[in-house]
>>> print(open('run21.csv').read())   # CSV, C-alpha atoms and all ligand atoms
chain,number,residue,atom,x,y,z
T,614,MET,CA,-16.0,23.1,-12.4
T,615,SER,CA,-12.6,22.4,-13.8
T,616,LEU,CA,-11.3,23.1,-10.3
T,617,ASN,CA,-13.1,20.0,-9.0
T,618,ILE,CA,-11.5,17.8,-11.6
T,619,LYS,CA,-8.2,19.2,-10.7
T,620,TRP,CA,-8.7,18.2,-7.0
T,621,ILE,CA,-9.8,14.7,-7.9
T,622,GLY,CA,-6.8,14.3,-10.0
T,623,LEU,CA,-4.5,15.5,-7.2
T,624,ALA,CA,-6.2,13.1,-4.7
T,625,MET,CA,-5.7,10.2,-7.1
T,626,VAL,CA,-2.0,11.1,-7.6
T,627,LEU,CA,-1.5,11.3,-3.9
T,628,GLY,CA,-3.3,8.1,-3.3
T,629,SER,CA,-1.3,6.1,-5.8
T,630,ALA,CA,1.9,7.7,-4.5
T,631,MET,CA,1.1,6.5,-1.0
T,632,VAL,CA,0.5,3.0,-2.2
T,633,PHE,CA,3.7,3.1,-4.1
T,634,VAL,CA,5.7,4.4,-1.2
T,635,GLY,CA,4.2,2.4,1.7
T,636,GLY,CA,2.8,-0.8,0.2
T,637,CYS,CA,0.0,-0.9,2.7
T,638,GLY,CA,-0.1,2.6,4.3
T,639,GLN,CA,2.4,4.9,5.6
T,640,ALA,CA,5.4,3.8,7.5
T,641,GLN,CA,7.2,6.5,9.4
T,642,PRO,CA,10.8,5.6,9.3
T,643,GLY,CA,12.8,5.9,12.5
T,644,GLN,CA,9.8,6.4,14.8
T,645,GLY,CA,9.2,2.8,15.6
T,646,GLU,CA,6.2,2.0,17.8
T,647,ALA,CA,6.8,4.9,20.2
T,648,GLY,CA,6.4,7.6,17.6
T,649,ALA,CA,2.8,6.7,17.2
T,650,PRO,CA,1.6,8.7,14.2
T,651,ALA,CA,-1.2,6.1,14.4
T,652,ALA,CA,-2.8,7.9,17.3
T,653,THR,CA,-4.6,10.2,15.0
T,654,LYS,CA,-5.7,7.4,12.7
T,655,VAL,CA,-7.4,5.1,15.1
T,656,ALA,CA,-10.9,6.1,13.9
T,657,ALA,CA,-11.2,3.3,11.4
T,658,PRO,CA,-10.1,0.1,13.0
T,659,GLU,CA,-10.5,-2.3,10.1
T,660,HIS,CA,-8.4,-0.5,7.5
T,661,GLY,CA,-7.3,2.6,9.4
T,662,GLY,CA,-3.6,2.2,8.6
T,663,TRP,CA,-2.5,1.3,12.1
T,664,TRP,CA,-2.6,-2.4,11.4
T,665,CYS,CA,-0.9,-4.1,8.4
T,666,VAL,CA,-3.6,-6.5,7.4
T,667,GLU,CA,-1.2,-8.1,4.9
T,668,HIS,CA,1.4,-9.1,7.4
T,669,GLY,CA,-0.5,-9.2,10.7
T,670,VAL,CA,1.6,-6.6,12.6
T,671,PRO,CA,1.2,-2.9,13.4
T,672,GLU,CA,2.0,-0.9,10.3
T,673,GLY,CA,4.5,1.2,12.3
T,674,SER,CA,6.7,-1.9,12.9
T,675,CYS,CA,6.0,-3.8,9.6
T,676,ALA,CA,9.4,-4.3,8.2
T,677,GLN,CA,7.9,-6.1,5.2
T,678,CYS,CA,6.3,-2.9,4.1
T,679,SER,CA,9.1,-0.5,4.9
T,680,THR,CA,12.6,-1.1,3.6
T,681,LYS,CA,13.9,1.4,6.1
T,682,LEU,CA,12.5,-0.5,9.0
T,683,ALA,CA,13.8,-3.7,7.5
T,684,ALA,CA,17.3,-2.2,7.4
T,685,GLU,CA,16.9,-1.3,11.1
T,686,PHE,CA,15.9,-4.8,12.0
T,687,GLN,CA,18.8,-6.2,10.0
T,688,LYS,CA,21.2,-3.8,11.8
T,689,LYS,CA,19.9,-5.1,15.2
T,690,GLY,CA,20.5,-8.7,14.0
T,691,ASP,CA,16.8,-9.4,14.2
T,692,TRP,CA,16.3,-10.9,10.8
T,693,CYS,CA,15.2,-14.2,9.4
T,694,LYS,CA,17.2,-14.7,6.2
T,695,GLU,CA,15.2,-17.7,5.2
T,696,HIS,CA,11.9,-15.8,5.1
T,697,ASN,CA,13.2,-12.3,4.5
T,698,ARG,CA,11.6,-10.6,7.4
T,699,PRO,CA,12.5,-9.8,11.1
T,700,GLU,CA,12.9,-12.9,13.2
T,701,SER,CA,10.5,-11.2,15.7
T,702,GLN,CA,7.9,-11.0,12.9
T,703,CYS,CA,8.5,-14.3,11.3
T,704,PHE,CA,5.3,-16.3,12.0
T,705,ILE,CA,6.7,-19.1,9.9
T,706,CYS,CA,9.5,-19.8,12.3
T,707,HIS,CA,7.6,-18.6,15.3
T,708,PRO,CA,3.8,-19.2,14.9
T,709,ASP,CA,3.2,-18.1,18.5
T,710,PHE,CA,4.4,-14.5,17.7
T,711,GLU,CA,1.3,-14.0,15.6
T,712,ALA,CA,-0.9,-14.2,18.6
T,713,LYS,CA,1.3,-11.7,20.4
T,714,PHE,CA,0.8,-9.1,17.7
T,715,ALA,CA,-2.9,-10.0,17.5
T,716,ALA,CA,-3.2,-9.3,21.2
T,717,GLN,CA,-1.9,-5.8,20.6
T,718,TYR,CA,-4.6,-5.3,18.1
T,719,GLU,CA,-7.3,-6.7,20.4
T,720,ALA,CA,-6.2,-4.5,23.3
T,721,LYS,CA,-6.6,-1.5,21.1
T,722,PHE,CA,-9.8,-2.2,19.2
T,723,GLY,CA,-11.5,-4.9,21.3
T,724,THR,CA,-11.8,-7.3,18.4
T,725,LYS,CA,-9.6,-9.8,16.7
T,726,PRO,CA,-7.5,-8.5,13.8
T,727,PRO,CA,-8.6,-9.3,10.3
T,728,ALA,CA,-7.3,-12.4,8.7
T,729,ARG,CA,-3.9,-11.9,7.2
T,730,THR,CA,-3.9,-11.4,3.4
T,731,GLU,CA,-0.4,-12.4,2.8
T,801,ZN,ZN,3.0,-5.0,6.0
T,802,ZN,ZN,11.6,-17.5,9.4
>>> encode(input="run21.csv", output="structure tokens")
Amino acid sequence: MSLNIKWIGLAMVLGSAMVFVGGCGQAQPGQGEAGAPAATKVAAPEHGGWWCVEHGVPEGSCAQCSTKLAAEFQKKGDWCKEHNRPESQCFICHPDFEAKFAAQYEAKFGTKPPARTE
């Protein structure tokens, strides 16, 4: 039975490691939206990892959860210094952008995205 305990321990370590690394799930650096590691994770729409509930954008393009993505956006010059996020994801400067991302979610799952928790 000690084997079971070992596995539980391992799962817990992995779980907390993911939280530590990703903030709100995994961000695959360098793949952008096209890489779509999300394709295999669509099963659980609410908290399936495709959508960043915290920031209201797809996880794969959430620069607020991935410092690597953030660096890419900054390199492209797509960055709101005032709010420390990509200009294209800054719903404070561009409230209409939020609906654009929400539409992506709705197209995929047929429901409105969960309310942002930020
Ligand atoms: Zn996020
Ligand atoms: Zn802004």
>>> residues_around(input="run21.csv", residues="Asp691 (chain T)", least_positions_apart="6", cutoff="9 Å", atoms="only C-alpha atoms", output="VMD selection string")
chain T and resid 685 698 to 701
>>> residues_near_ligand(input="run21.csv", ligand="ligand ZN 802 (chain T)", cutoff="7 Å", atoms="only C-alpha atoms and all ligand atoms", output="list in words")
Cys693, Glu695, His696, Glu700, Cys703, Phe704, Ile705 and Cys706 of chain T
>>> residues_near_ligand(input="run21.csv", ligand="ligand ZN 801 (chain T)", cutoff="9 Å", atoms="only C-alpha atoms and all ligand atoms", output="ChimeraX atom specification")
/T:635-638,664-679,731
>>> atom_distance(input="run21.csv", atom1="CA of Ala716 (chain T)", atom2="CA of Lys694 (chain T)")
25.9 Å
>>> atom_distance(input="run21.csv", atom1="CA of Ala683 (chain T)", atom2="CA of Glu719 (chain T)")
24.9 Å
